[in-house]
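Below is one structure; the comments refer to it alone.
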There are 2 protein chains.
Amino acid sequence: MNDTNAMPAIHTVVALFTIRERLEFLRLDAERGRLPVGALLPGEGLEACARRALWTATGIEDVFLEQLYTFDGEQAGAQAIVAYYALAPCERLPIRRPGVGWADPAEVTTLLAEEHQIIVQRACERLAGKLEYAPIAYQFLAERFTLGELQAVYEIIGRQALDKRNFRRRMHASAHLVETRDVRRNGPHRPARLYRLRDTQPAVAG
Amino acid sequence: MNDTNAMPAIHTVVALFTIRERLEFLRLDAERGRLPVGALLPGEGLEACARRALWTATGIEDVFLEQLYTFDGEQAGAQAIVAYYALAPCERLPIRRPGVGWADPAEVTTLLAEEHQIIVQRACERLAGKLEYAPIAYQFLAERFTLGELQAVYEIIGRQALDKRNFRRRMHASAHLVETRDVRRNGPHRPARLYRLRDTQPAVAG
DNA sequence: CGCGTTGGTGTCATTCATACACCAACGCTA
DNA sequence: TAGCGTTGGTGTATGAATGACACCAACGCG
């Protein structure tokens with residue numbers, strides 16, 4: 001089992017997050033519950049491997065993907081495990097495969113194999129931290145979105161309610177937003193103005 | 001050359017920084033200039049490998065070490081390269097080996113092999129960013145230090161002069177500092193009070 | 001047409017960040 | 001031994017950012 005020659009050298013793991021009412025992560029039901037894992041192929045890039053792992057397990061592609069941390073791989077039968085987290089709006093996640101579903105990060109200890117728990121936990125921390133200074137919240141939204149939707153993302157990831165007026169002031173000051181001319185009629189209430197993310201690439205993603 | 005069996009699967013690279021007047025990183029002179037690199041041994045942990053790489057090249061041990069990023073390894077003849085950055089006060093760095101020296105991060109493009117440049121650059125960015133919210137500045141200082149020394153670290157890493165009084169207010173408010181009863185007489189001027197870092201482990205280092 | 005629901009707006013108080021100048025304690029040297 | 005040069009150490013006043021807070025608008029539905 002620990003034969004060094006037969007051991008695939010490097011694995012990638014992907015924790016995919018989305019927001020549907022609450023923050024959820026993608027989980028493979030097999031056995032105890034696992035995240036999508038891929039073994040690095042010769043000549044393959046690490047990020048490509050992670051995307052392939054996600055695609056193979058779920059059919060999902062073209063998500064926001066960022067490296068999280070690289071772990072020792074001993075107990076997983078690899079030499080190293082490069083963990084990624086991925087973000088996507090739930091509309092773009094057409095999961096129609098058996099054994100693939102969503103789970104609550106708060107219940108990670110009961111729903112996930114032990115080696116993968118730390119990945120989801122650290123990803124949540126990173127998410128909450130990065131929310132303040134990087135435009136990651138938009139990754140959970142469609143191309144055009146309302147300020148109400150955006151605020152919901154902030155509240156869910158940051159785990160606290162926010163004041164509506166202060167939030168809007170912050171967002172308008174942040175210069176990431178572009179107001180469109182359209183509104184969305186959603187329910188039995190006043191239509192909401194639609195915004196989109198300013199397309200300038202926001203610095204580095206490392 | 002790209003024989004998959006003979007290729008060491010994983011390398012670690014370490015960018016060691018210290019402050020002597022200016023911020024400097026440790027560089028091996030061989031060829032174009034390189035950072036210390038190690039090949040992961042079977043059963044060895046990643047961080048252990050990085051420490052071993054640093055020790056082998058320089059004889060330095062027991063430094064602050066933190067993972068930076070994991071790169072594709074193709075062009076370096078590996079499958080992946082796990083980069084670390086290390087911090088230490090210069091007094092603890094007894095380098096007495098040929099071909100090991102210090103260099104200015106600003107001149108990285110002329111002093112370092114191309115694949116390693118990005119590591120030093122990203123480490124500098126991370127350092128400057130983390131300075132604000134994590135107690136990393138202390139890693140450049142001895143166990144006991146003066147506020148003048150601490151401010152110098154902040155100014156060098158943050159690349160801007162700071163107001164003395166505002167800085168001291170910030171530091172005292174940060175609750176990382178413990179005032180000792182001792183002072184240090186250094187030059188032809190008033191002795192400086194010595195401080196040390198409060199020993200509570202400050203959250204996670206990921 | 002009235003109700004329920006979400007969208008949208010401004011002000012005031014507090015906190016935080018910034019700018020700024022002087023005396024203290026020592027070593028050195030004349 | 002007196003003066004100078006050097007770094008250590010302290011408080012205040014002003015502007016900026018943040019946090020708390022309440023009401024009307026526009027729509028769908030019954």
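A note on labels: chains of the structure tokens are A, B, ... as shown, every chain counts residues from 1, and ligands are counted from 1 in their shown order.
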Show which residues sit within 9 Å of segment 99-110 of chain B, as a list in words. Count only C-alpha atoms (C1' of nucleotides), and ignore same-chain residues fewer than 2 positions away.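 Listing them by chain and then by number gives Phe17, Thr18, Arg22, Leu23, Glu24, Phe25, Leu26, Arg27, Leu28, Asp29, Ala30, Arg32, Gly33, Ala57, Thr58, Ile95, Arg96, Arg97, Leu112, Ala113, Glu114, His116, Gln117, Ile118, Val120, Gln121 and Cys124 of chain B.
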Taking only C-alpha atoms (C1' of nucleotides) into account, produce a table as a tab-separated table in which each residue of chain A with an atom at most 10 Å from an atom of chain C appears once, together with its shortest atom pair and the distance in Å to one decimal, ordered by chain and rising number.
```
residue	atom	partner	partner_atom	distance
A:Thr146	CA	C:DG7	C1'	9.7
A:Leu147	CA	C:DG7	C1'	9.1
A:Gly148	CA	C:DG7	C1'	8.2
A:Lys164	CA	C:DG8	C1'	9.6
A:Arg165	CA	C:DT9	C1'	7.9
A:Arg168	CA	C:DG8	C1'	9.8
A:Asn186	CA	C:DT6	C1'	9.3
A:Gly187	CA	C:DT5	C1'	7.9
A:Pro188	CA	C:DT5	C1'	6.3
A:His189	CA	C:DT6	C1'	5.5
A:Arg190	CA	C:DG7	C1'	5.7
A:Pro191	CA	C:DG7	C1'	6.7
A:Ala192	CA	C:DG7	C1'	5.8
A:Arg193	CA	C:DG7	C1'	8.3
```
Residues of chain D near chain B: apply a cut-off of 6 Å, count only C-alpha atoms (C1' of nucleotides), and supply the list as an mmCIF file with C-alpha atoms (C1' of nucleotides), in the first residue's frame.
```
data_model
loop_
_atom_site.group_PDB
_atom_site.id
_atom_site.type_symbol
_atom_site.label_atom_id
_atom_site.label_comp_id
_atom_site.auth_asym_id
_atom_site.auth_seq_id
_atom_site.Cartn_x
_atom_site.Cartn_y
_atom_site.Cartn_z
ATOM 1 C "C1'" DT D 6 21.428 61.204 18.743
ATOM 2 C "C1'" DT D 7 17.607 58.265 19.661
ATOM 3 C "C1'" DG D 8 13.739 57.481 23.240
#
```
Residues of chain A within 8 Å of chain B, counting only C-alpha atoms - could you list those as an mmCIF file with N, CA, C and O atoms, in the first residue's frame?
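In the end it all went to out21.cif:
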```cif
data_model
loop_
_atom_site.group_PDB
_atom_site.id
_atom_site.type_symbol
_atom_site.label_atom_id
_atom_site.label_comp_id
_atom_site.auth_asym_id
_atom_site.auth_seq_id
_atom_site.Cartn_x
_atom_site.Cartn_y
_atom_site.Cartn_z
ATOM 1 N N THR A 4 6.387 2.908 -2.805
ATOM 2 C CA THR A 4 6.692 4.242 -3.291
ATOM 3 C C THR A 4 6.570 4.363 -4.806
ATOM 4 O O THR A 4 6.198 5.409 -5.333
ATOM 5 N N ASN A 5 6.876 3.288 -5.494
ATOM 6 C CA ASN A 5 6.791 3.353 -6.950
ATOM 7 C C ASN A 5 5.347 3.437 -7.435
ATOM 8 O O ASN A 5 5.030 4.174 -8.363
ATOM 9 N N ALA A 9 2.066 10.377 -7.084
ATOM 10 C CA ALA A 9 2.846 11.347 -6.327
ATOM 11 C C ALA A 9 1.982 12.464 -5.745
ATOM 12 O O ALA A 9 2.110 12.815 -4.591
ATOM 13 N N ILE A 10 1.106 13.013 -6.557
ATOM 14 C CA ILE A 10 0.411 14.225 -6.138
ATOM 15 C C ILE A 10 -1.078 14.100 -6.403
ATOM 16 O O ILE A 10 -1.490 13.678 -7.486
ATOM 17 N N PRO A 42 1.100 12.968 -15.717
ATOM 18 C CA PRO A 42 2.370 13.505 -16.221
ATOM 19 C C PRO A 42 2.109 14.655 -17.184
ATOM 20 O O PRO A 42 1.295 14.531 -18.102
ATOM 21 N N GLY A 43 2.790 15.753 -16.969
ATOM 22 C CA GLY A 43 2.642 16.906 -17.843
ATOM 23 C C GLY A 43 1.444 17.769 -17.556
ATOM 24 O O GLY A 43 1.274 18.818 -18.177
ATOM 25 N N GLY A 45 -0.884 20.356 -15.423
ATOM 26 C CA GLY A 45 -0.728 21.403 -14.424
ATOM 27 C C GLY A 45 -1.595 21.121 -13.213
ATOM 28 O O GLY A 45 -2.593 20.399 -13.298
ATOM 29 N N LEU A 46 -1.233 21.719 -12.105
ATOM 30 C CA LEU A 46 -1.960 21.457 -10.858
ATOM 31 C C LEU A 46 -3.396 21.946 -10.936
ATOM 32 O O LEU A 46 -4.334 21.244 -10.567
ATOM 33 N N GLN A 67 -6.023 28.256 -5.210
ATOM 34 C CA GLN A 67 -5.288 27.324 -4.371
ATOM 35 C C GLN A 67 -5.471 27.685 -2.905
ATOM 36 O O GLN A 67 -5.458 28.859 -2.540
ATOM 37 N N TYR A 69 -4.113 25.355 0.053
ATOM 38 C CA TYR A 69 -2.988 24.919 0.870
ATOM 39 C C TYR A 69 -2.541 23.570 0.346
ATOM 40 O O TYR A 69 -3.316 22.851 -0.275
ATOM 41 N N THR A 70 -1.285 23.243 0.629
ATOM 42 C CA THR A 70 -0.771 21.942 0.223
ATOM 43 C C THR A 70 -0.437 21.134 1.473
ATOM 44 O O THR A 70 0.313 21.596 2.333
ATOM 45 N N PHE A 71 -1.017 19.955 1.539
ATOM 46 C CA PHE A 71 -0.895 19.119 2.721
ATOM 47 C C PHE A 71 0.035 17.941 2.457
ATOM 48 O O PHE A 71 0.186 17.504 1.307
ATOM 49 N N ASP A 72 0.605 17.426 3.538
ATOM 50 C CA ASP A 72 1.300 16.155 3.437
ATOM 51 C C ASP A 72 0.299 15.089 3.019
ATOM 52 O O ASP A 72 -0.861 15.125 3.428
ATOM 53 N N GLU A 74 0.794 11.573 3.174
ATOM 54 C CA GLU A 74 1.049 10.209 3.652
ATOM 55 C C GLU A 74 -0.196 9.371 3.872
ATOM 56 O O GLU A 74 -0.368 8.317 3.268
ATOM 57 N N GLN A 79 2.104 11.723 -1.956
ATOM 58 C CA GLN A 79 3.208 12.448 -1.340
ATOM 59 C C GLN A 79 2.804 13.855 -0.944
ATOM 60 O O GLN A 79 3.360 14.429 -0.021
ATOM 61 N N ALA A 80 1.845 14.397 -1.653
ATOM 62 C CA ALA A 80 1.344 15.716 -1.285
ATOM 63 C C ALA A 80 -0.059 15.869 -1.847
ATOM 64 O O ALA A 80 -0.409 15.260 -2.866
ATOM 65 N N VAL A 82 -2.621 18.888 -2.972
ATOM 66 C CA VAL A 82 -2.799 20.313 -3.208
ATOM 67 C C VAL A 82 -4.286 20.610 -3.189
ATOM 68 O O VAL A 82 -5.031 20.142 -4.055
ATOM 69 N N GLY A 206 -3.365 35.373 -5.833
ATOM 70 C CA GLY A 206 -2.519 34.440 -5.079
ATOM 71 C C GLY A 206 -2.767 34.636 -3.588
ATOM 72 O O GLY A 206 -2.300 33.891 -2.793
#
```
List every residue of segment 17-106 of chain A that DSSP, applied to the backbone, labels as helix (DSSP H, G or I), and write the result as a compact mmCIF listing (two decimals) with N, CA and C atoms, in the first residue's frame.
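Dumped everything to result.txt:
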```txt
# COMPACT_ATOMS: atom_id res chain seq x y z
N LEU A 46 -1.23 21.72 -12.10
CA LEU A 46 -1.96 21.46 -10.86
C LEU A 46 -3.40 21.95 -10.94
N GLU A 47 -3.57 23.17 -11.42
CA GLU A 47 -4.93 23.70 -11.50
C GLU A 47 -5.76 22.90 -12.49
N ALA A 48 -5.13 22.52 -13.59
CA ALA A 48 -5.85 21.70 -14.57
C ALA A 48 -6.29 20.38 -13.94
N CYS A 49 -5.42 19.83 -13.14
CA CYS A 49 -5.77 18.58 -12.46
C CYS A 49 -6.96 18.77 -11.53
N ALA A 50 -6.97 19.88 -10.81
CA ALA A 50 -8.07 20.15 -9.90
C ALA A 50 -9.38 20.33 -10.68
N ARG A 51 -9.30 21.05 -11.79
CA ARG A 51 -10.50 21.24 -12.61
C ARG A 51 -10.98 19.91 -13.18
N ARG A 52 -10.03 19.07 -13.57
CA ARG A 52 -10.40 17.76 -14.10
C ARG A 52 -11.05 16.91 -13.02
N ALA A 53 -10.53 17.00 -11.81
CA ALA A 53 -11.11 16.24 -10.71
C ALA A 53 -12.57 16.64 -10.49
N LEU A 54 -12.78 17.95 -10.51
CA LEU A 54 -14.14 18.44 -10.30
C LEU A 54 -15.05 18.03 -11.45
N TRP A 55 -14.52 18.13 -12.64
CA TRP A 55 -15.33 17.80 -13.81
C TRP A 55 -15.66 16.31 -13.84
N THR A 56 -14.67 15.50 -13.53
CA THR A 56 -14.90 14.06 -13.56
C THR A 56 -15.96 13.64 -12.56
N ALA A 57 -15.91 14.22 -11.40
CA ALA A 57 -16.84 13.80 -10.34
C ALA A 57 -18.23 14.36 -10.55
N THR A 58 -18.33 15.53 -11.17
CA THR A 58 -19.60 16.23 -11.16
C THR A 58 -20.06 16.77 -12.50
N GLU A 74 0.79 11.57 3.17
CA GLU A 74 1.05 10.21 3.65
C GLU A 74 -0.20 9.37 3.87
N GLN A 75 -1.07 9.85 4.75
CA GLN A 75 -2.20 9.02 5.13
C GLN A 75 -3.21 8.84 3.99
N ALA A 76 -3.06 9.63 2.95
CA ALA A 76 -3.96 9.47 1.81
C ALA A 76 -3.29 8.69 0.68
N CYS A 90 -25.20 28.91 -7.76
CA CYS A 90 -25.83 27.60 -7.83
C CYS A 90 -26.54 27.37 -9.15
N GLU A 91 -26.91 28.45 -9.85
CA GLU A 91 -27.59 28.24 -11.14
C GLU A 91 -26.68 27.54 -12.14
N ARG A 92 -25.39 27.70 -11.97
CA ARG A 92 -24.47 27.15 -12.94
C ARG A 92 -23.99 25.76 -12.55
N PRO A 105 -21.25 23.22 5.77
CA PRO A 105 -19.90 23.22 6.35
C PRO A 105 -19.90 23.07 7.87
N ALA A 106 -20.97 23.48 8.52
CA ALA A 106 -21.01 23.37 9.97
C ALA A 106 -21.06 21.91 10.41
```
